[in-house]
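Reproduced below: work-v9.txt, with compact mmCIF, C-alpha atoms.
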# COMPACT_ATOMS: atom_id res chain seq x y z
CA MET A 1 -9.84 -18.84 -26.77
CA THR A 2 -7.99 -15.96 -25.18
CA ASP A 3 -9.84 -16.10 -21.89
CA TYR A 4 -6.47 -16.44 -20.22
CA LEU A 5 -5.95 -12.73 -20.82
CA ALA A 6 -8.81 -11.84 -18.52
CA ASP A 7 -9.42 -14.75 -16.17
CA THR A 8 -7.33 -15.68 -13.15
CA THR A 9 -4.58 -17.24 -15.27
CA HIS A 10 -1.37 -15.56 -14.16
CA LEU A 11 0.86 -14.22 -16.91
CA LEU A 12 4.63 -13.82 -16.79
CA VAL A 13 5.57 -11.26 -19.41
CA THR A 14 9.25 -11.47 -20.30
CA GLY A 15 11.62 -10.60 -23.08
CA PRO A 16 14.98 -8.85 -22.93
CA THR A 17 13.63 -5.61 -24.23
CA GLY A 18 14.08 -2.01 -23.28
CA ALA A 19 15.04 1.36 -24.62
CA ARG A 20 18.64 0.46 -25.38
CA THR A 21 17.64 -2.61 -27.38
CA ASN A 22 14.97 -0.64 -29.18
CA TYR A 23 12.74 -3.62 -28.54
CA GLY A 24 10.69 -2.19 -25.72
CA GLY A 25 7.22 -3.48 -25.30
CA LYS A 26 6.46 -5.11 -21.97
CA SER A 27 5.09 -1.96 -20.39
CA SER A 28 3.11 -1.11 -23.51
CA LEU A 29 1.66 -4.60 -23.57
CA THR A 30 0.79 -4.14 -19.92
CA ALA A 31 -1.03 -0.90 -20.67
CA TRP A 32 -2.96 -2.63 -23.44
CA LEU A 33 -3.93 -5.44 -21.09
CA ALA A 34 -5.06 -2.95 -18.47
CA ASP A 35 -7.11 -1.04 -21.02
CA ASN A 36 -8.73 -4.04 -22.70
CA PRO A 37 -9.13 -7.59 -21.38
CA LEU A 38 -8.46 -6.75 -17.75
CA ARG A 39 -11.39 -4.35 -17.72
CA GLU A 40 -13.57 -7.40 -17.27
CA ARG A 41 -12.30 -7.54 -13.73
CA GLU A 42 -13.82 -5.39 -11.01
CA LEU A 43 -10.54 -4.07 -9.67
CA VAL A 44 -7.39 -3.46 -11.71
CA ILE A 45 -4.20 -2.23 -10.07
CA VAL A 46 -0.98 -1.32 -11.86
CA LEU A 47 2.05 -1.29 -9.58
CA ASN A 48 4.17 1.19 -11.47
CA VAL A 49 7.39 1.07 -9.50
CA LYS A 50 9.48 2.47 -12.35
CA GLN A 51 7.25 5.53 -12.54
CA ASP A 52 6.37 5.08 -16.18
CA ASP A 53 3.72 7.27 -17.74
CA PHE A 54 0.84 4.84 -17.40
CA ALA A 55 -1.44 7.65 -16.30
CA ASP A 56 -1.05 9.33 -19.70
CA VAL A 57 -2.24 6.22 -21.47
CA LEU A 58 -4.79 4.88 -19.00
CA GLU A 59 -6.70 8.10 -18.68
CA ASP A 60 -9.51 6.84 -16.50
CA TYR A 61 -7.13 5.23 -14.04
CA GLU A 62 -6.57 6.99 -10.75
CA GLU A 63 -2.90 7.44 -9.88
CA VAL A 64 -1.84 7.17 -6.26
CA ALA A 65 1.49 6.95 -4.46
CA SER A 66 0.93 4.22 -1.91
CA VAL A 67 -1.27 1.31 -0.96
CA ASP A 68 -2.84 3.49 1.72
CA GLU A 69 -3.84 5.95 -0.96
CA LEU A 70 -5.11 3.06 -3.04
CA ALA A 71 -7.51 2.28 -0.20
CA ASP A 72 -8.64 5.90 -0.16
CA ALA A 73 -9.14 5.87 -3.91
CA MET A 74 -11.23 2.75 -3.67
CA ALA A 75 -13.27 4.31 -0.89
CA ASP A 76 -13.97 7.14 -3.35
CA GLY A 77 -15.20 4.60 -5.86
CA HIS A 78 -12.16 4.13 -8.07
CA ARG A 79 -11.61 0.62 -9.34
CA ARG A 80 -8.84 1.34 -11.85
CA VAL A 81 -5.76 2.49 -10.01
CA ILE A 82 -2.08 3.04 -10.78
CA ILE A 83 0.25 2.94 -7.81
CA THR A 84 3.33 5.01 -8.59
CA PRO A 85 5.41 4.86 -5.41
CA GLN A 86 7.50 7.86 -4.50
CA THR A 87 9.92 5.59 -2.73
CA ALA A 88 12.67 3.20 -3.75
CA ASP A 89 11.47 0.66 -1.22
CA TRP A 90 9.58 -1.40 -3.77
CA GLU A 91 9.68 -4.50 -1.59
CA THR A 92 7.60 -2.85 1.11
CA VAL A 93 5.12 -1.46 -1.39
CA SER A 94 4.61 -4.85 -2.99
CA ALA A 95 4.32 -6.56 0.39
CA ASN A 96 1.72 -4.03 1.47
CA LEU A 97 -0.18 -4.51 -1.76
CA GLU A 98 -0.24 -8.27 -1.33
CA ALA A 99 -1.45 -7.95 2.26
CA PHE A 100 -4.09 -5.47 1.15
CA ILE A 101 -5.36 -7.72 -1.64
CA ARG A 102 -5.57 -10.58 0.83
CA GLU A 103 -7.94 -8.53 2.99
CA LEU A 104 -10.33 -7.59 0.20
CA PRO A 105 -13.45 -9.67 -0.39
CA SER A 106 -12.56 -12.84 -2.24
CA ASP A 107 -15.58 -12.55 -4.50
CA MET A 108 -14.30 -9.27 -5.93
CA THR A 109 -12.49 -10.06 -9.17
CA LYS A 110 -9.11 -8.37 -9.26
CA ALA A 111 -6.08 -7.99 -11.46
CA VAL A 112 -2.68 -6.83 -10.33
CA ILE A 113 0.09 -5.83 -12.70
CA LEU A 114 3.51 -6.11 -11.11
CA ASP A 115 6.35 -4.45 -12.96
CA GLU A 116 9.96 -5.46 -12.29
CA VAL A 117 9.02 -8.52 -10.30
CA PRO A 118 12.62 -9.41 -9.40
CA GLU A 119 12.85 -6.18 -7.42
CA LEU A 120 9.67 -6.79 -5.43
CA ASP A 121 9.15 -8.67 -2.22
CA GLU A 122 9.64 -12.31 -3.18
CA ASP A 123 7.21 -13.71 -0.64
CA ALA A 124 4.55 -11.30 -1.83
CA VAL A 125 5.06 -12.28 -5.46
CA LEU A 126 4.92 -15.96 -4.54
CA ARG A 127 1.66 -15.45 -2.69
CA PHE A 128 0.22 -13.51 -5.60
CA THR A 129 0.98 -16.31 -8.04
CA ARG A 130 0.52 -19.35 -5.82
CA LEU A 131 -2.43 -18.38 -3.65
CA HIS A 132 -4.38 -15.40 -4.85
CA GLY A 133 -5.50 -16.71 -8.23
CA ASN A 134 -8.38 -18.76 -6.99
CA GLY A 135 -8.09 -17.80 -3.33
CA ALA A 136 -8.63 -14.11 -3.89
CA SER A 137 -9.93 -14.05 -7.47
CA CYS A 138 -6.83 -12.09 -8.29
CA LYS A 139 -5.07 -12.35 -11.61
CA THR A 140 -1.40 -11.43 -11.63
CA VAL A 141 0.48 -10.06 -14.59
CA ALA A 142 4.15 -10.24 -13.65
CA LEU A 143 6.79 -8.41 -15.69
CA ALA A 144 10.45 -9.30 -15.75
CA GLN A 145 13.25 -8.69 -18.16
CA SER A 146 14.24 -12.33 -18.01
CA PRO A 147 12.37 -15.43 -16.86
CA THR A 148 15.54 -16.57 -15.14
CA ASP A 149 15.34 -13.58 -12.79
CA VAL A 150 12.22 -14.83 -11.06
CA SER A 151 11.57 -17.76 -8.80
CA GLY A 152 10.92 -21.12 -10.42
CA SER A 153 7.72 -21.30 -8.42
CA VAL A 154 6.50 -18.10 -10.03
CA VAL A 155 7.28 -19.50 -13.46
CA LYS A 156 5.38 -22.70 -12.70
CA ASN A 157 2.30 -20.79 -11.69
CA CYS A 158 2.25 -18.47 -14.69
CA VAL A 159 1.70 -18.76 -18.40
CA PRO A 160 4.81 -17.37 -20.12
CA VAL A 161 4.32 -14.48 -22.48
CA TRP A 162 7.36 -13.68 -24.61
CA ILE A 163 7.62 -10.34 -26.32
CA GLY A 164 10.07 -9.58 -29.11
CA PRO A 165 12.77 -11.91 -30.42
CA ALA A 166 14.21 -14.46 -28.01
CA PRO A 167 18.03 -14.53 -27.86
CA GLY A 168 19.68 -17.90 -28.26
CA SER A 169 20.98 -17.68 -24.72
CA TYR A 170 17.50 -18.60 -23.51
CA ASP A 171 17.27 -21.85 -25.43
CA ALA A 172 18.26 -23.87 -22.40
CA TRP A 173 15.59 -22.19 -20.32
CA PHE A 174 12.90 -22.99 -22.90
CA ARG A 175 13.98 -26.63 -23.04
CA ALA A 176 14.13 -26.91 -19.27
CA HIS A 177 10.53 -25.78 -19.08
CA ASP A 178 9.36 -28.07 -21.84
CA LEU A 179 8.93 -25.19 -24.22
CA GLY A 180 11.70 -26.14 -26.65
CA GLU A 181 9.24 -26.50 -29.48
CA HIS A 182 8.80 -22.73 -29.55
CA ILE A 183 12.46 -21.76 -29.73
CA ASP A 184 12.84 -21.28 -33.45
CA THR A 185 9.63 -19.32 -33.73
CA LEU A 186 10.58 -17.03 -30.88
CA HIS A 187 14.03 -16.46 -32.32
CA ALA A 188 12.34 -15.12 -35.42
CA GLN A 189 9.68 -13.14 -33.61
CA ASN A 190 9.76 -9.47 -34.57
CA PRO A 191 10.15 -6.70 -32.06
CA TYR A 192 6.95 -5.89 -30.17
CA GLU A 193 5.22 -9.05 -31.36
CA TRP A 194 4.27 -11.30 -28.51
CA SER A 195 3.44 -14.93 -28.00
CA VAL A 196 1.62 -16.73 -25.24
CA LEU A 197 3.09 -20.14 -24.52
CA LEU A 198 0.24 -22.27 -23.28
CA GLY A 199 1.94 -25.64 -23.60
CA PRO A 200 4.83 -27.57 -25.10
CA ASP A 201 3.52 -27.97 -28.63
CA ALA A 202 3.54 -25.43 -31.43
CA ALA A 203 -0.25 -25.50 -31.41
CA ASP A 204 -0.14 -24.30 -27.82
CA ARG A 205 1.31 -20.98 -28.84
CA ASP A 206 -0.83 -17.93 -29.55
CA HIS A 207 0.89 -15.22 -31.51
CA PHE A 208 -0.14 -11.56 -31.40
CA GLU A 209 0.82 -8.50 -33.38
CA PRO A 210 2.29 -5.51 -31.55
CA VAL A 211 -0.16 -3.51 -29.52
CA SER A 212 -1.14 -0.10 -30.76
CA GLU A 213 1.37 2.71 -30.39
CA VAL A 214 -1.09 4.58 -28.24
CA TYR A 215 -0.11 2.23 -25.43
CA ILE A 216 3.54 3.21 -25.46
CA VAL A 217 4.36 4.43 -21.96
CA MET B 1 0.97 8.64 3.07
CA SER B 2 3.84 6.30 2.56
CA ASP B 3 4.09 2.57 2.37
CA GLY B 4 5.95 2.16 5.60
CA GLY B 5 6.05 -0.69 8.07
CA GLU B 6 3.04 0.68 9.95
CA PHE B 7 0.67 -0.12 7.12
CA ASP B 8 -2.47 -1.84 8.37
CA PRO B 9 -3.86 -3.91 5.47
CA SER B 10 -7.01 -4.84 7.33
CA ALA B 11 -7.90 -1.26 8.13
CA ALA B 12 -7.04 -0.19 4.61
CA ALA B 13 -9.23 -2.91 3.14
CA MET B 14 -12.09 -1.92 5.39
CA ARG B 15 -11.66 1.69 4.38
CA ALA B 16 -11.56 0.69 0.74
CA SER B 17 -14.78 -1.24 1.04
CA GLY B 18 -16.54 1.58 2.87
CA GLN B 19 -16.57 0.03 6.32
CA MET B 20 -14.02 2.29 7.92
CA ALA B 21 -16.54 4.60 9.53
CA ASP B 22 -17.98 1.78 11.59
CA ARG B 23 -14.54 0.58 12.48
CA GLU B 24 -13.49 4.03 13.68
CA VAL B 25 -16.48 4.25 15.94
CA ASP B 26 -15.73 0.84 17.39
CA THR B 27 -12.09 1.69 17.84
CA ALA B 28 -12.85 4.95 19.56
CA SER B 29 -15.09 3.28 22.09
CA SER B 30 -13.11 0.13 22.74
CA THR B 31 -9.47 1.07 22.35
CA PRO B 32 -8.83 4.48 23.84
CA SER B 33 -5.38 5.97 23.74
CA GLY B 34 -2.76 4.26 25.85
CA ASP B 35 -4.37 0.86 25.90
CA SER B 36 -4.88 -1.10 22.76
CA THR B 37 -6.32 -4.19 24.39
CA THR B 38 -8.83 -2.85 26.95
CA ALA B 39 -10.18 -6.26 27.77
CA ASP B 40 -11.04 -5.00 31.24
CA GLY B 41 -10.40 -1.30 30.87
CA THR B 42 -13.00 -0.01 33.26
CA GLN B 43 -11.22 3.26 33.82
CA ASP B 44 -11.07 3.92 30.16
CA ASP B 45 -14.67 2.94 29.81
CA GLU B 46 -15.64 5.48 32.46
CA SER B 47 -13.81 8.22 30.68
CA ASP B 48 -15.51 7.18 27.53
CA GLY B 49 -18.83 7.41 29.32
CA GLY B 50 -18.06 10.96 30.43
CA ASP B 51 -17.14 11.95 26.93
CA ALA B 52 -20.28 10.33 25.66
CA ASP B 53 -22.37 12.27 28.18
CA ALA B 54 -20.77 15.52 27.16
CA VAL B 55 -21.40 14.73 23.54
CA GLY B 56 -24.97 13.81 24.38
CA VAL B 57 -25.67 17.09 26.18
CA THR B 58 -24.12 19.07 23.38
CA GLY B 59 -26.15 17.14 20.87
CA ALA B 60 -29.35 17.75 22.80
CA LEU B 61 -28.64 21.47 23.00
CA ALA B 62 -28.00 21.57 19.30
CA ALA B 63 -31.10 19.59 18.54
CA TYR B 64 -33.60 21.27 20.85
CA VAL B 65 -32.31 24.72 21.82
CA MET B 66 -30.78 25.92 18.59
CA PRO B 67 -34.06 25.60 16.70
CA LEU B 68 -35.49 28.24 19.01
CA PHE B 69 -33.23 30.70 17.24
CA THR B 70 -32.76 29.17 13.86
CA ALA B 71 -36.01 27.45 12.97
CA PRO B 72 -37.90 29.17 10.18
CA THR B 73 -41.34 30.56 10.85
CA ARG B 74 -44.52 29.78 9.03
CA GLY B 75 -45.92 33.22 8.51
CA PRO B 76 -48.53 35.02 10.61
CA THR B 77 -50.13 31.93 12.05
CA ALA B 78 -50.83 33.85 15.26
CA SER B 79 -53.92 35.15 13.54
CA THR B 80 -55.08 31.57 13.23
CA PHE B 81 -54.90 31.18 16.95
CA GLU B 82 -56.73 34.43 17.32
CA GLU B 83 -59.48 33.07 15.16
CA TYR B 84 -59.93 30.45 17.83
CA ASP B 85 -60.39 33.22 20.37
CA VAL B 86 -56.90 32.95 21.73
CA GLY B 87 -55.72 36.29 23.02
CA LYS B 88 -52.98 38.03 21.08
CA PRO B 89 -50.11 37.46 23.53
CA TRP B 90 -50.89 33.77 23.87
CA ALA B 91 -51.56 33.49 20.18
CA ARG B 92 -48.10 34.76 19.43
CA ILE B 93 -46.49 32.48 21.98
CA LEU B 94 -48.33 29.51 20.61
CA ASP B 95 -47.35 30.58 17.14
CA GLY B 96 -43.70 30.49 18.11
CA VAL B 97 -44.08 27.18 19.88
CA SER B 98 -45.86 25.69 16.91
CA ASP B 99 -43.08 26.83 14.63
CA TYR B 100 -40.56 25.33 16.99
CA VAL B 101 -42.39 22.01 17.10
CA LEU B 102 -42.88 22.00 13.35
CA ASP B 103 -39.16 22.45 12.94
CA LEU B 104 -38.36 19.60 15.31
CA VAL B 105 -40.54 17.28 13.29
CA ASP B 106 -39.12 18.72 10.09
CA ARG B 107 -42.30 20.04 8.58
CA ASP B 108 -43.17 23.03 6.42
CA PRO B 109 -40.19 25.41 6.49
CA GLY B 110 -41.17 29.05 6.18
CA ASP B 111 -39.58 32.45 6.52
CA SER B 112 -39.08 35.62 8.57
CA LEU B 113 -38.90 35.80 12.35
CA GLY B 114 -37.60 32.86 14.34
CA PRO B 115 -39.66 31.07 17.01
CA ILE B 116 -37.89 32.76 19.89
CA GLY B 117 -38.71 36.07 18.29
CA LYS B 118 -42.35 35.19 18.08
CA ILE B 119 -42.41 33.91 21.63
CA GLY B 120 -40.71 37.09 22.82
CA LEU B 121 -43.10 39.16 20.79
CA GLY B 122 -45.95 37.41 22.52
CA PHE B 123 -44.58 38.09 25.97
CA THR B 124 -43.93 41.75 25.25
CA SER B 125 -47.46 42.00 23.96
CA PHE B 126 -48.72 41.15 27.43
CA GLU B 127 -47.70 44.59 28.60
CA THR B 128 -48.79 46.60 25.62
CA ASP B 129 -52.08 44.76 25.13
CA GLN B 130 -53.25 44.91 28.74
CA GLY B 131 -56.36 47.03 28.94
CA ASP B 132 -56.66 47.93 25.29
CA ASN B 133 -57.89 44.72 23.72
CA ASP B 134 -60.50 46.71 21.95
CA SER B 135 -58.02 48.94 20.13
CA SER B 136 -55.86 46.02 19.17
CA SER B 137 -58.76 44.38 17.41
CA SER B 138 -59.38 47.49 15.35
CA SER B 139 -55.77 48.17 14.38
CA ASP B 140 -54.27 44.73 14.02
CA ASP B 141 -51.67 45.77 11.47
CA ALA B 142 -49.14 45.93 14.29
CA GLY B 143 -50.39 42.79 15.94
CA ASP B 144 -50.99 40.04 13.44
CA GLY B 145 -47.74 40.26 11.62
CA PRO B 146 -45.06 38.69 13.78
CA ASP B 147 -42.46 40.32 11.62
CA HIS B 148 -43.52 43.87 12.30
CA GLY B 149 -43.50 46.40 15.06
CA ASP B 150 -42.15 45.68 18.45
CA ALA B 151 -40.20 42.51 18.00
CA PRO B 152 -37.61 42.19 20.75
CA VAL B 153 -33.98 42.21 19.89
CA VAL B 154 -32.80 38.64 20.07
CA PRO B 155 -29.20 37.77 19.34
CA GLY B 156 -28.95 35.91 16.10
CA VAL B 157 -32.47 36.73 15.04
CA GLN B 158 -33.33 39.56 12.75
CA ALA B 159 -36.83 40.88 12.49
CA THR B 160 -37.54 41.83 8.92
Take the structure in the file and give it back as structure tokens.
Amino acid sequence: MTDYLADTTHLLVTGPTGARTNYGGKSSLTAWLADNPLRERELVIVLNVKQDDFADVLEDYEEVASVDELADAMADGHRRVIITPQTADWETVSANLEAFIRELPSDMTKAVILDEVPELDEDAVLRFTRLHGNGASCKTVALAQSPTDVSGSVVKNCVPVWIGPAPGSYDAWFRAHDLGEHIDTLHAQNPYEWSVLLGPDAADRDHFEPVSEVYIV
Amino acid sequence: MSDGGEFDPSAAAMRASGQMADREVDTASSTPSGDSTTADGTQDDESDGGDADAVGVTGALAAYVMPLFTAPTRGPTASTFEEYDVGKPWARILDGVSDYVLDLVDRDPGDSLGPIGKIGLGFTSFETDQGDNDSSSSSDDAGDGPDHGDAPVVPGVQAT
């Protein structure tokens, strides 16, 4: 039933959370995904542009600083890699990563976690979500504070995952995407709880409890 | 390394999948410095050929000359040749040659004096053994053991 967590279904993880709201959880959910369902995939890459402490949580992941170093890590046999760029040029890093994924064998199952999608190279993100699902066997987990910050095309190609309570200011967005049936439930969703919105009806919503605190990054 | 504009995704992917070594060899032979296309780069090809020759000679020296000094010996096999009525100098030379050949074909590593030492020992024995073959047969403690007595001083080889 939850195959969408591990197969090539792209996920767009959103929710206006963060330290100041005390409702943080997207990065922790990402760490849980990387440590659990995504392990079914041969290659898992976390693009950690905000330099969170993923390496402390994902202990068997190799941490590198660039896509070039990712290639070296893979040559050494690593298939679980965190890219923590030491540069503010996140667009170039994400573009390089997309180009790199495109060159890898298509029969290698992959998963790429992209944090702060609105700050990444838009063309690269579009190719990840529009082309690389089936074309490159690459699942994308895209993180954004707000679904309105990302391209409509990205939204269309992803299954929305909402974490924490949804503010009323997003009601229009839910209705515009035929997800209005979920509004009341998401308003009442507790911090750190998360829901996967698979379709317009209430029955199309899978609700999950917060991930374990060990995944807090 | 940084994620700059010079990033080559194809090369990185090949490196990641373990194919970079082959690619580097191909690149070195087909795209020498200063010309990335080399569709008709005969001059570059010639220089490549010269480099290849130099590498080949060096490789041959390493493969066939160095074992003369470094190949392990197989013990006092000279006595075996003597058992076949081979005279002591030639027995020692053949012993060294046999050790050298055995090393080339990667067989039966041993110890003590290197092949060149044995060969040299054989040659020096020509002088000392001329005219006293009888005495050498009665006191062979200095003759059979290639690691004893009058081994010549050969750079890189230590007689034990």
Up to 6 Å from chain B, what residues of chain A turn up? Count all atoms listed in the file and give them as a PyMOL selection string. chain A and resi 66+71+74-75+93+99-100+103-104
Go ahead and write the selection's residues with C-alpha atoms as a compact mmCIF listing (two decimals), in the coordinates of the input.
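The resulting file, again37.txt, is shown below:
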# COMPACT_ATOMS: atom_id res chain seq x y z
CA SER A 66 0.93 4.22 -1.91
CA ALA A 71 -7.51 2.28 -0.20
CA MET A 74 -11.23 2.75 -3.67
CA ALA A 75 -13.27 4.31 -0.89
CA VAL A 93 5.12 -1.46 -1.39
CA ALA A 99 -1.45 -7.95 2.26
CA PHE A 100 -4.09 -5.47 1.15
CA GLU A 103 -7.94 -8.53 2.99
CA LEU A 104 -10.33 -7.59 0.20
Quick one: everything within 6 Å of region 175-183 of chain A, counting all atoms listed in the file, minus sequence neighbours fewer than 3 positions away in the same chain. Send it as a tab-separated table (two decimals) with C-alpha atoms, keeping the file's coordinate frame.
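Written output follows (around.tsv):
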chain	number	residue	atom	x	y	z
A	172	ALA	CA	18.26	-23.87	-22.40
A	186	LEU	CA	10.58	-17.03	-30.88
A	200	PRO	CA	4.83	-27.57	-25.10
A	201	ASP	CA	3.52	-27.97	-28.63
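What separates CA of Glu213 (chain A) from CA of Ser195 (chain A) is a distance of 17.9 Å.
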Using only C-alpha atoms, which residues sit within 12 Å of Trp90 (chain A) once same-chain residues fewer than 3 positions away are excluded, as a compact mmCIF listing (two decimals) with C-alpha atoms, in the frame of the given file?
# COMPACT_ATOMS: atom_id res chain seq x y z
CA LEU A 47 2.05 -1.29 -9.58
CA ASN A 48 4.17 1.19 -11.47
CA VAL A 49 7.39 1.07 -9.50
CA LYS A 50 9.48 2.47 -12.35
CA GLN A 51 7.25 5.53 -12.54
CA ALA A 65 1.49 6.95 -4.46
CA SER A 66 0.93 4.22 -1.91
CA VAL A 67 -1.27 1.31 -0.96
CA ILE A 83 0.25 2.94 -7.81
CA THR A 84 3.33 5.01 -8.59
CA PRO A 85 5.41 4.86 -5.41
CA GLN A 86 7.50 7.86 -4.50
CA THR A 87 9.92 5.59 -2.73
CA VAL A 93 5.12 -1.46 -1.39
CA SER A 94 4.61 -4.85 -2.99
CA ALA A 95 4.32 -6.56 0.39
CA ASN A 96 1.72 -4.03 1.47
CA LEU A 97 -0.18 -4.51 -1.76
CA LEU A 114 3.51 -6.11 -11.11
CA ASP A 115 6.35 -4.45 -12.96
CA GLU A 116 9.96 -5.46 -12.29
CA VAL A 117 9.02 -8.52 -10.30
CA PRO A 118 12.62 -9.41 -9.40
CA GLU A 119 12.85 -6.18 -7.42
CA LEU A 120 9.67 -6.79 -5.43
CA ASP A 121 9.15 -8.67 -2.22
CA GLU A 122 9.64 -12.31 -3.18
CA ALA A 124 4.55 -11.30 -1.83
CA VAL A 125 5.06 -12.28 -5.46
CA SER B 2 3.84 6.30 2.56
CA ASP B 3 4.09 2.57 2.37
CA GLY B 4 5.95 2.16 5.60
- Write out as a ChimeraX atom specification each polymer residue whose atoms come within 9 Å of Val214 (chain A), counting only C-alpha atoms; drop sequence neighbours fewer than 2 positions from it. /A:28,32,57,211-212,216-217
Taking all atoms of region 142-160 of chain A that the file lists and extending 6 Å past them on each side, where is the centre of the axis-aligned box and how long are its edges? Answer in Å to one decimal, as lines of an AutoDock Vina configuration file.
center_x = 8.6
center_y = -15.6
center_z = -14.3
size_x = 25.8
size_y = 26.3
size_z = 23.7
**OP:** Find the spatial neighbours of region 36-38 of chain A, counting only C-alpha atoms, within a cut-off of 12 Å - ignore same-chain residues fewer than 5 positions away - and output them as a ChimeraX atom specification.
**Re:** /A:2-11,29-31,43-46,58,79-80,109-113,138-141,211-212,215
- Query: CA of Tyr61 (chain A) and CA of His78 (chain A) are how many Å apart?
  - Reply: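 Taking CA of Tyr61 (chain A) as the start and CA of His78 (chain A) as the end point, the length is 7.9 Å.
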| said: Quick one: residues within 10 Å of His207 (chain A), all atoms listed in the file, excluding same-chain residues fewer than 6 positions away - as a VMD selection string? | reply: chain A and resid 161 to 163 185 to 186 189 193 to 197
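Interatomic distance, CA of Asp76 (chain A) against CA of Glu63 (chain A): 12.9 Å.
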Counting all atoms listed in the file, the residue among B:Thr124, B:Tyr64, B:Trp90, B:Gly59 that lies closest to Val105 (chain B) is B:Tyr64
